[in-house]
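Shown below: work_12.cif, with mmCIF, C-alpha atoms.
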```cif
data_entry
#
loop_
_atom_site.group_PDB
_atom_site.id
_atom_site.type_symbol
_atom_site.label_atom_id
_atom_site.label_comp_id
_atom_site.auth_asym_id
_atom_site.auth_seq_id
_atom_site.Cartn_x
_atom_site.Cartn_y
_atom_site.Cartn_z
ATOM 1 C CA MET A 1 98.622 95.933 98.148
ATOM 2 C CA ASP A 2 100.038 97.962 95.253
ATOM 3 C CA GLY A 3 96.494 98.871 94.170
ATOM 4 C CA ARG A 4 95.248 95.278 94.238
ATOM 5 C CA ILE A 5 92.225 94.081 96.211
ATOM 6 C CA THR A 6 93.138 91.383 98.733
ATOM 7 C CA TYR A 7 91.118 89.585 101.398
ATOM 8 C CA ARG A 8 92.478 88.399 104.732
ATOM 9 C CA VAL A 9 90.595 86.385 107.333
ATOM 10 C CA SER A 10 91.922 86.776 110.876
ATOM 11 C CA GLU A 11 91.731 83.793 113.211
ATOM 12 C CA ASN A 12 91.103 86.216 116.082
ATOM 13 C CA SER A 13 87.772 87.370 114.646
ATOM 14 C CA LEU A 14 86.348 84.003 113.605
ATOM 15 C CA SER A 15 85.863 80.803 115.539
ATOM 16 C CA GLN A 16 87.395 77.491 114.565
ATOM 17 C CA ASN A 17 83.965 76.320 113.383
ATOM 18 C CA THR A 18 83.830 78.837 110.539
ATOM 19 C CA SER A 19 83.494 77.214 107.116
ATOM 20 C CA ALA A 20 83.915 78.514 103.571
ATOM 21 C CA ILE A 21 81.496 77.492 100.815
ATOM 22 C CA LEU A 22 81.600 78.362 97.120
ATOM 23 C CA LEU A 23 78.010 78.433 95.859
ATOM 24 C CA ASP A 24 76.930 77.596 92.313
ATOM 25 C CA SER A 25 76.127 81.302 91.894
ATOM 26 C CA GLY A 26 79.844 82.102 92.271
ATOM 27 C CA ASN A 27 79.365 83.608 95.718
ATOM 28 C CA LEU A 28 82.056 82.609 98.232
ATOM 29 C CA ILE A 29 80.566 82.725 101.741
ATOM 30 C CA LEU A 30 81.877 82.212 105.258
ATOM 31 C CA ARG A 31 79.488 80.699 107.842
ATOM 32 C CA ASN A 32 79.900 80.431 111.586
ATOM 33 C CA GLU A 33 78.820 77.532 113.758
ATOM 34 C CA LYS A 34 75.235 78.895 113.757
ATOM 35 C CA LEU A 35 75.287 78.863 109.908
ATOM 36 C CA ASP A 36 75.047 82.666 109.847
ATOM 37 C CA ILE A 37 76.832 84.328 106.922
ATOM 38 C CA VAL A 38 79.691 86.391 108.388
ATOM 39 C CA TRP A 39 81.223 87.376 105.031
ATOM 40 C CA GLN A 40 80.423 86.927 101.334
ATOM 41 C CA SER A 41 82.275 87.839 98.161
ATOM 42 C CA PHE A 42 79.097 89.234 96.544
ATOM 43 C CA ASP A 43 79.404 92.190 98.923
ATOM 44 C CA TYR A 44 82.780 93.050 97.361
ATOM 45 C CA PRO A 45 82.349 93.068 93.564
ATOM 46 C CA SER A 46 85.309 94.027 91.420
ATOM 47 C CA ASN A 47 84.480 94.524 87.739
ATOM 48 C CA THR A 48 81.877 91.738 87.456
ATOM 49 C CA PHE A 49 78.122 91.751 88.180
ATOM 50 C CA LEU A 50 76.626 88.247 88.483
ATOM 51 C CA PRO A 51 72.991 87.146 88.919
ATOM 52 C CA GLY A 52 72.067 87.597 92.582
ATOM 53 C CA MET A 53 74.554 90.421 93.206
ATOM 54 C CA LYS A 54 73.445 93.944 94.079
ATOM 55 C CA LEU A 55 74.361 97.289 92.549
ATOM 56 C CA GLY A 56 73.447 100.106 94.904
ATOM 57 C CA TYR A 57 73.929 101.060 98.545
ATOM 58 C CA ASN A 58 72.713 100.471 102.108
ATOM 59 C CA LEU A 59 72.053 103.644 104.091
ATOM 60 C CA ARG A 60 71.924 101.808 107.427
ATOM 61 C CA THR A 61 75.307 100.075 107.138
ATOM 62 C CA GLY A 62 76.989 102.466 104.696
ATOM 63 C CA LYS A 63 77.698 99.565 102.355
ATOM 64 C CA VAL A 64 78.121 100.440 98.662
ATOM 65 C CA TRP A 65 77.898 97.875 95.867
ATOM 66 C CA SER A 66 79.628 99.202 92.755
ATOM 67 C CA LEU A 67 81.850 97.974 89.907
ATOM 68 C CA THR A 68 85.379 99.177 89.183
ATOM 69 C CA SER A 69 87.178 98.409 85.932
ATOM 70 C CA TRP A 70 90.479 96.550 85.815
ATOM 71 C CA LYS A 71 93.636 98.518 85.077
ATOM 72 C CA ASN A 72 94.032 96.473 81.882
ATOM 73 C CA SER A 73 92.975 93.069 80.569
ATOM 74 C CA ASP A 74 95.847 91.315 82.375
ATOM 75 C CA ASP A 75 95.991 93.411 85.548
ATOM 76 C CA PRO A 76 93.036 93.301 88.002
ATOM 77 C CA SER A 77 94.327 96.351 89.874
ATOM 78 C CA LEU A 78 91.771 99.139 90.208
ATOM 79 C CA GLY A 79 91.142 100.938 86.933
ATOM 80 C CA THR A 80 89.771 104.421 86.347
ATOM 81 C CA ALA A 81 86.105 103.702 85.525
ATOM 82 C CA GLU A 82 83.414 102.991 88.104
ATOM 83 C CA LEU A 83 79.743 102.037 87.748
ATOM 84 C CA LYS A 84 77.650 103.060 90.733
ATOM 85 C CA MET A 85 74.451 104.655 91.997
ATOM 86 C CA ASP A 86 74.238 108.167 93.399
ATOM 87 C CA PRO A 87 72.146 108.450 96.621
ATOM 88 C CA ASN A 88 70.963 111.830 95.335
ATOM 89 C CA GLN A 89 69.602 110.158 92.183
ATOM 90 C CA PRO A 90 68.789 106.654 93.451
ATOM 91 C CA ASN A 91 66.721 105.398 90.508
ATOM 92 C CA GLU A 92 69.556 105.226 87.963
ATOM 93 C CA TYR A 93 73.260 104.466 87.865
ATOM 94 C CA PHE A 94 76.280 106.065 86.259
ATOM 95 C CA ILE A 95 79.663 105.252 84.757
ATOM 96 C CA MET A 96 82.142 107.672 86.276
ATOM 97 C CA ARG A 97 85.811 108.468 85.908
ATOM 98 C CA GLY A 98 86.609 110.261 89.116
ATOM 99 C CA SER A 99 84.055 113.048 89.421
ATOM 100 C CA GLN A 100 83.389 113.051 85.673
ATOM 101 C CA MET A 101 80.281 111.361 84.311
ATOM 102 C CA LEU A 102 80.777 109.232 81.196
ATOM 103 C CA TRP A 103 77.332 107.641 80.864
ATOM 104 C CA ARG A 104 74.015 107.288 82.673
ATOM 105 C CA SER A 105 71.459 104.472 82.542
ATOM 106 C CA GLY A 106 68.406 106.712 82.611
ATOM 107 C CA VAL A 107 65.764 106.326 85.310
ATOM 108 C CA TRP A 108 64.190 102.982 86.182
ATOM 109 C CA LEU A 109 60.727 102.616 84.603
ATOM 110 C CA GLN A 110 58.861 100.291 86.939
ATOM 111 C CA ARG A 111 55.969 99.452 84.620
ATOM 112 C CA GLU A 112 58.244 98.519 81.712
ATOM 113 C CA ARG A 113 60.882 97.106 84.112
ATOM 114 C CA ILE A 114 63.740 98.715 82.205
ATOM 115 C CA PHE A 115 66.192 101.565 82.584
ATOM 116 C CA ALA A 116 65.283 104.342 80.153
ATOM 117 C CA MET A 117 68.640 104.168 78.338
ATOM 118 C CA ILE A 118 68.878 100.339 78.398
ATOM 119 C CA PRO A 119 65.843 98.931 76.572
ATOM 120 C CA GLU A 120 67.592 95.535 76.519
ATOM 121 C CA THR A 121 66.797 95.146 80.237
ATOM 122 C CA ARG A 122 63.159 94.466 79.379
ATOM 123 C CA LEU A 123 61.767 91.480 81.255
ATOM 124 C CA ASP A 124 61.823 88.395 79.008
ATOM 125 C CA HIS A 125 62.024 84.627 79.177
ATOM 126 C CA ILE A 126 65.748 84.573 79.979
ATOM 127 C CA PHE A 127 66.489 87.505 82.323
ATOM 128 C CA ASN A 128 64.553 88.963 85.240
ATOM 129 C CA TYR A 129 65.662 92.508 86.063
ATOM 130 C CA ASP A 130 64.429 94.301 89.159
ATOM 131 C CA PHE A 131 64.975 97.503 91.106
ATOM 132 C CA TYR A 132 64.384 97.625 94.873
ATOM 133 C CA SER A 133 64.299 100.620 97.193
ATOM 134 C CA ASP A 134 63.191 101.285 100.788
ATOM 135 C CA GLU A 135 64.322 103.462 103.705
ATOM 136 C CA ASN A 136 67.391 101.271 104.293
ATOM 137 C CA GLU A 137 68.760 100.227 100.919
ATOM 138 C CA THR A 138 68.436 100.776 97.175
ATOM 139 C CA TYR A 139 69.800 98.384 94.584
ATOM 140 C CA PHE A 140 69.472 96.866 91.120
ATOM 141 C CA ILE A 141 69.525 93.076 90.804
ATOM 142 C CA TYR A 142 68.914 90.477 88.128
ATOM 143 C CA SER A 143 68.404 86.725 87.828
ATOM 144 C CA VAL A 144 68.369 84.207 85.010
ATOM 145 C CA THR A 145 66.018 81.373 84.144
ATOM 146 C CA HIS A 146 66.884 77.802 83.279
ATOM 147 C CA SER A 147 70.634 77.070 83.319
ATOM 148 C CA THR A 148 71.840 80.213 81.562
ATOM 149 C CA VAL A 149 75.366 81.257 82.547
ATOM 150 C CA SER A 150 75.419 85.044 82.467
ATOM 151 C CA ARG A 151 77.674 87.866 83.547
ATOM 152 C CA GLN A 152 77.824 91.635 83.280
ATOM 153 C CA PHE A 153 81.099 93.481 83.672
ATOM 154 C CA LEU A 154 82.719 96.892 83.377
ATOM 155 C CA ASP A 155 85.573 96.546 80.914
ATOM 156 C CA THR A 156 88.856 98.429 80.955
ATOM 157 C CA SER A 157 87.535 101.152 78.632
ATOM 158 C CA GLY A 158 84.534 101.853 80.875
ATOM 159 C CA GLN A 159 81.902 100.034 78.810
ATOM 160 C CA PHE A 160 79.242 98.019 80.683
ATOM 161 C CA ILE A 161 78.813 94.663 78.902
ATOM 162 C CA HIS A 162 76.354 91.782 79.309
ATOM 163 C CA THR A 163 77.382 88.354 77.959
ATOM 164 C CA ASN A 164 76.091 84.767 78.077
ATOM 165 C CA TRP A 165 78.151 81.585 77.885
ATOM 166 C CA ILE A 166 77.402 79.405 74.845
ATOM 167 C CA ASP A 167 78.389 75.746 75.203
ATOM 168 C CA GLY A 168 78.573 75.003 71.465
ATOM 169 C CA PRO A 169 81.483 77.280 70.504
ATOM 170 C CA LEU A 170 82.621 77.522 74.155
ATOM 171 C CA ALA A 171 82.577 81.301 74.050
ATOM 172 C CA TRP A 172 80.903 84.338 75.596
ATOM 173 C CA PHE A 173 78.068 85.772 73.458
ATOM 174 C CA LEU A 174 77.378 89.519 73.575
ATOM 175 C CA VAL A 175 73.812 90.286 74.728
ATOM 176 C CA TRP A 176 74.162 94.069 75.005
ATOM 177 C CA SER A 177 76.676 96.768 75.878
ATOM 178 C CA GLN A 178 76.324 100.327 77.129
ATOM 179 C CA PRO A 179 77.108 102.911 76.015
ATOM 180 C CA ARG A 180 76.689 101.546 72.510
ATOM 181 C CA ALA A 181 79.713 102.293 70.346
ATOM 182 C CA SER A 182 77.553 102.703 67.232
ATOM 183 C CA LEU A 183 75.397 105.383 68.923
ATOM 184 C CA VAL A 184 77.842 108.054 70.015
ATOM 185 C CA CYS A 185 75.114 110.289 71.435
ATOM 186 C CA ASP A 186 74.636 107.714 74.197
ATOM 187 C CA TYR A 187 77.835 109.113 75.745
ATOM 188 C CA TYR A 188 77.149 111.812 78.277
ATOM 189 C CA ALA A 189 77.981 115.301 76.937
ATOM 190 C CA TYR A 190 79.462 113.894 73.725
ATOM 191 C CA CYS A 191 78.881 117.263 72.079
ATOM 192 C CA GLY A 192 79.931 120.536 73.687
ATOM 193 C CA SER A 193 77.919 123.357 75.214
ATOM 194 C CA PHE A 194 74.896 124.786 73.364
ATOM 195 C CA THR A 195 74.677 121.791 71.011
ATOM 196 C CA SER A 196 72.323 118.955 70.153
ATOM 197 C CA CYS A 197 73.447 115.415 69.366
ATOM 198 C CA SER A 198 71.708 113.042 66.962
ATOM 199 C CA ASN A 199 72.807 109.550 65.954
ATOM 200 C CA HIS A 200 70.950 110.058 62.674
ATOM 201 C CA ARG A 201 73.122 112.944 61.460
ATOM 202 C CA LYS A 202 76.422 112.450 59.715
ATOM 203 C CA THR A 203 78.159 114.996 61.933
ATOM 204 C CA TYR A 204 76.246 113.985 65.112
ATOM 205 C CA CYS A 205 76.688 117.425 66.713
ATOM 206 C CA GLN A 206 74.893 120.615 65.758
ATOM 207 C CA CYS A 207 74.675 124.035 67.357
ATOM 208 C CA LEU A 208 71.359 125.059 68.874
ATOM 209 C CA GLN A 209 69.319 127.769 67.194
ATOM 210 C CA GLY A 210 70.912 131.153 67.841
ATOM 211 C CA PHE A 211 74.404 129.684 68.220
ATOM 212 C CA ARG A 212 77.215 128.969 65.756
ATOM 213 C CA PRO A 213 80.454 126.926 65.854
ATOM 214 C CA SER A 214 83.267 128.822 67.517
ATOM 215 C CA ASN A 215 86.583 129.338 65.757
ATOM 216 C CA SER A 216 88.225 126.526 67.751
ATOM 217 C CA LEU A 217 87.176 122.903 68.006
ATOM 218 C CA LYS A 218 88.265 120.850 71.006
ATOM 219 C CA PRO A 219 89.175 117.154 71.139
ATOM 220 C CA LEU A 220 86.680 114.878 72.872
ATOM 221 C CA GLN A 221 89.251 114.377 75.625
ATOM 222 C CA SER A 222 88.488 117.835 76.947
ATOM 223 C CA SER A 223 85.015 116.746 78.046
ATOM 224 C CA SER A 224 85.191 112.971 78.418
ATOM 225 C CA GLY A 225 88.719 112.253 79.561
ATOM 226 C CA GLY A 226 89.657 110.460 76.356
ATOM 227 C CA PHE A 227 86.924 107.860 76.905
ATOM 228 C CA ARG A 228 87.083 105.314 74.102
ATOM 229 C CA PRO A 229 84.596 102.432 74.588
ATOM 230 C CA SER A 230 85.406 100.383 71.497
ATOM 231 C CA ASN A 231 88.094 99.707 68.937
ATOM 232 C CA SER A 232 86.150 101.677 66.336
ATOM 233 C CA LEU A 233 86.235 104.780 68.483
ATOM 234 C CA LYS A 234 89.782 104.277 69.692
ATOM 235 C CA SER A 235 91.103 104.830 66.182
ATOM 236 C CA ALA A 236 88.674 107.563 65.204
ATOM 237 C CA THR A 237 89.442 111.253 65.294
ATOM 238 C CA ILE A 238 86.614 112.683 67.384
ATOM 239 C CA ILE A 239 86.154 116.426 67.639
ATOM 240 C CA GLN A 240 83.898 118.045 70.199
ATOM 241 C CA TRP A 241 81.741 120.877 68.925
ATOM 242 C CA VAL A 242 82.015 124.154 70.814
ATOM 243 C CA CYS A 243 79.277 126.654 70.024
ATOM 244 C CA GLU A 244 78.948 130.286 70.920
ATOM 245 C CA LYS A 245 76.112 132.777 70.728
ATOM 246 C CA ASN A 246 75.549 134.108 67.246
ATOM 247 C CA ILE A 247 76.034 137.860 67.720
ATOM 248 C CA ILE A 248 74.649 140.037 64.943
ATOM 249 C CA ALA A 249 76.317 143.410 64.609
ATOM 250 C CA VAL A 250 73.891 146.329 64.400
ATOM 251 C CA ARG A 251 75.044 149.438 62.575
ATOM 252 C CA GLY A 252 74.283 152.749 64.232
#
```
This structure in structure tokens:
Amino acid sequence: MDGRITYRVSENSLSQNTSAILLDSGNLILRNEKLDIVWQSFDYPSNTFLPGMKLGYNLRTGKVWSLTSWKNSDDPSLGTAELKMDPNQPNEYFIMRGSQMLWRSGVWLQRERIFAMIPETRLDHIFNYDFYSDENETYFIYSVTHSTVSRQFLDTSGQFIHTNWIDGPLAWFLVWSQPRASLVCDYYAYCGSFTSCSNHRKTYCQCLQGFRPSNSLKPLQSSSGGFRPSNSLKSATIIQWVCEKNIIAVRG
């Protein structure tokens, strides 16, 4: 109601022998008298992706597993950013705002077991990342070793963040975040048309050969909806380059 996600269990659809169990994974499940799972919270993620959850879709049932940001840090109503897979490009996932792409993970590289734009997903002694696809469903999933408490979430700005809980300081420790605020060219279409983007240049954006900056520069909002993934970028004045073909006048 009012943009919030609520769950309601009807007594007409479930028998009196239905039981609710909260697993150590964080998954809340409902079982019937035959111990079959009739509902589970992992099928309805909000902004958080936990070990054992899926990100993807099921073609047979039409089920989609995606993340949606909160409206703000105190309001879990649906925000404007969504992380999801596209059935037309099933080996990567995207951060979207409506129909506008903000970031893409790059394709899944099976041999390296990473997404091309997320080298931090490399298989190691703490995290096990995997990508599964068949004729019925396609999804990304991860697990943790030992007793690591881990979570990934889509924050209110649209940044996908992976953190671990550290018992010593009793705080969440940043493992990685995407897109990375320090590498602005990770943002999809950060520069305008007919440009190249390099994180190693002071100006980041540069017109392609045969093109020159047009007379007008446009704010980043014109291409990325005002997307600001970090405090450093929120306060920065970001200008999108707009290039046009370099026309050389020929005298007759």
Got a sec to resolve the PyMOL selection byres ((chain A and resi 130) around 12) on this structure and send the residues as JSON, numbers by chain? {"A": [51, 52, 53, 54, 55, 91, 108, 109, 110, 111, 112, 113, 114, 115, 121, 122, 123, 127, 128, 129, 131, 132, 133, 138, 139, 140, 141, 142, 143, 144]}
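CA of Thr195 (chain A) to CA of Ile95 (chain A) spans 22.1 Å [interatomic distance, one decimal].
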Rows by chain and residue number, region 68-184 of chain A within 12 Å of region 15-37 of chain A, shortest pair, only C-alpha atoms, as a tab-separated table:
```
residue	atom	partner	partner_atom	distance
A:Ser143	CA	A:Ser25	CA	10.3
A:Val144	CA	A:Ser25	CA	10.8
A:Ser147	CA	A:Asp24	CA	11.0
A:Thr148	CA	A:Ser25	CA	11.2
A:Val149	CA	A:Ser25	CA	9.4
A:Ser150	CA	A:Ser25	CA	10.2
A:Arg151	CA	A:Gly26	CA	10.7
```
Under the rule that all atoms listed in the file are counted, which of A:Asp155, A:Asn136, A:Arg104, A:Lys71 is the nearest residue to Tyr57 (chain A)?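 Using all atoms listed in the file, Tyr57 (chain A) sits closest to A:Asn136.
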Have a look at A:Trp103, A:Asn47, A:Arg201, A:Leu170 and name the one nearest to Pro76 (chain A); count only C-alpha atoms.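 Of A:Trp103, A:Asn47, A:Arg201, A:Leu170, the one nearest Pro76 (chain A), counting only C-alpha atoms, is A:Asn47.
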Fewer than 4 positions away in the same chain doesn't count, so skip those; otherwise give me all residues within 7 Å of Gly106 (chain A), counting all atoms listed in the file, as a PDB file with C-alpha atoms, in the coordinates of the input.
```pdb
ATOM      1  CA  GLU A  92      69.556 105.226  87.963  1.00  0.00           C
ATOM      2  CA  PHE A 115      66.192 101.565  82.584  1.00  0.00           C
ATOM      3  CA  ALA A 116      65.283 104.342  80.153  1.00  0.00           C
ATOM      4  CA  MET A 117      68.640 104.168  78.338  1.00  0.00           C
TER       5      MET A 117
END
```
How big is the axis-aligned box around all listed atoms of region 127-133 of chain A once 5 Å goes on each side, and where's its centre, in Å to one decimal, as AutoDock Vina command-line options?
```
--center_x 65.4 --center_y 94.1 --center_z 89.8 --size_x 12.2 --size_y 23.1 --size_z 24.9
```
Rounded to one decimal place, report the CA of Met96 (chain A)-CA of Trp165 (chain A) distance in Å. 27.7 Å
Work out how far apart CA of Pro169 (chain A) and CA of Asp75 (chain A) are and give it in Å to one decimal.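 For CA of Pro169 (chain A) relative to CA of Asp75 (chain A), the distance reads 26.4 Å.
Nearest to Trp176 (chain A) of all the residues A:Glu135, A:Asp86, A:Asp74, A:Glu120 is A:Glu120, based on only C-alpha atoms.
In this comparison, which uses all atoms listed in the file, the residue of A:Ile118, A:Asp134, A:Ser77, A:Gln152 approaching Thr48 (chain A) most closely is A:Gln152.
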Within 8 Å of region 209-212 of chain A, counting all atoms listed in the file, which residues show up once you throw out same-chain ones fewer than 4 positions away? Write them as a count of residues only, please. 5
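Within 10 Å of Leu102 (chain A), once only C-alpha atoms are used and residues closer than 4 positions along the same chain are dropped, the contacting residues are Ala81, Glu82, Leu83, Phe94, Ile95, Met96, Arg97, Gly98, Gly158, Gln159, Pro179, Asp186, Tyr187, Tyr188, Ala189, Tyr190, Ser223, Ser224, Gly225 and Phe227 of chain A.
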Write out as number ranges by chain the residues lying within 6 Å of Tyr93 (chain A), counting all atoms listed in the file and excluding same-chain residues fewer than 6 positions away. A: 84-85, 104-105
For the residues selected in the previous step, produce a file with C-alpha atoms as a PDB file, in the frame of the given file.
```pdb
ATOM      1  CA  LYS A  84      77.650 103.060  90.733  1.00  0.00           C
ATOM      2  CA  MET A  85      74.451 104.655  91.997  1.00  0.00           C
ATOM      3  CA  ARG A 104      74.015 107.288  82.673  1.00  0.00           C
ATOM      4  CA  SER A 105      71.459 104.472  82.542  1.00  0.00           C
TER       5      SER A 105
END
```
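Between Pro87 (chain A) and the candidates A:Thr145, A:Ser182, A:Thr68, A:Asn58, the tightest atom-to-atom separation, counting only C-alpha atoms, involves A:Asn58.
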Top pick for closest residue to Trp70 (chain A), considering A:Leu154, A:Met101, A:Val107, A:Leu208 and counting all atoms listed in the file: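 Ranking A:Leu154, A:Met101, A:Val107, A:Leu208 by distance to Trp70 (chain A), first place goes to A:Leu154.
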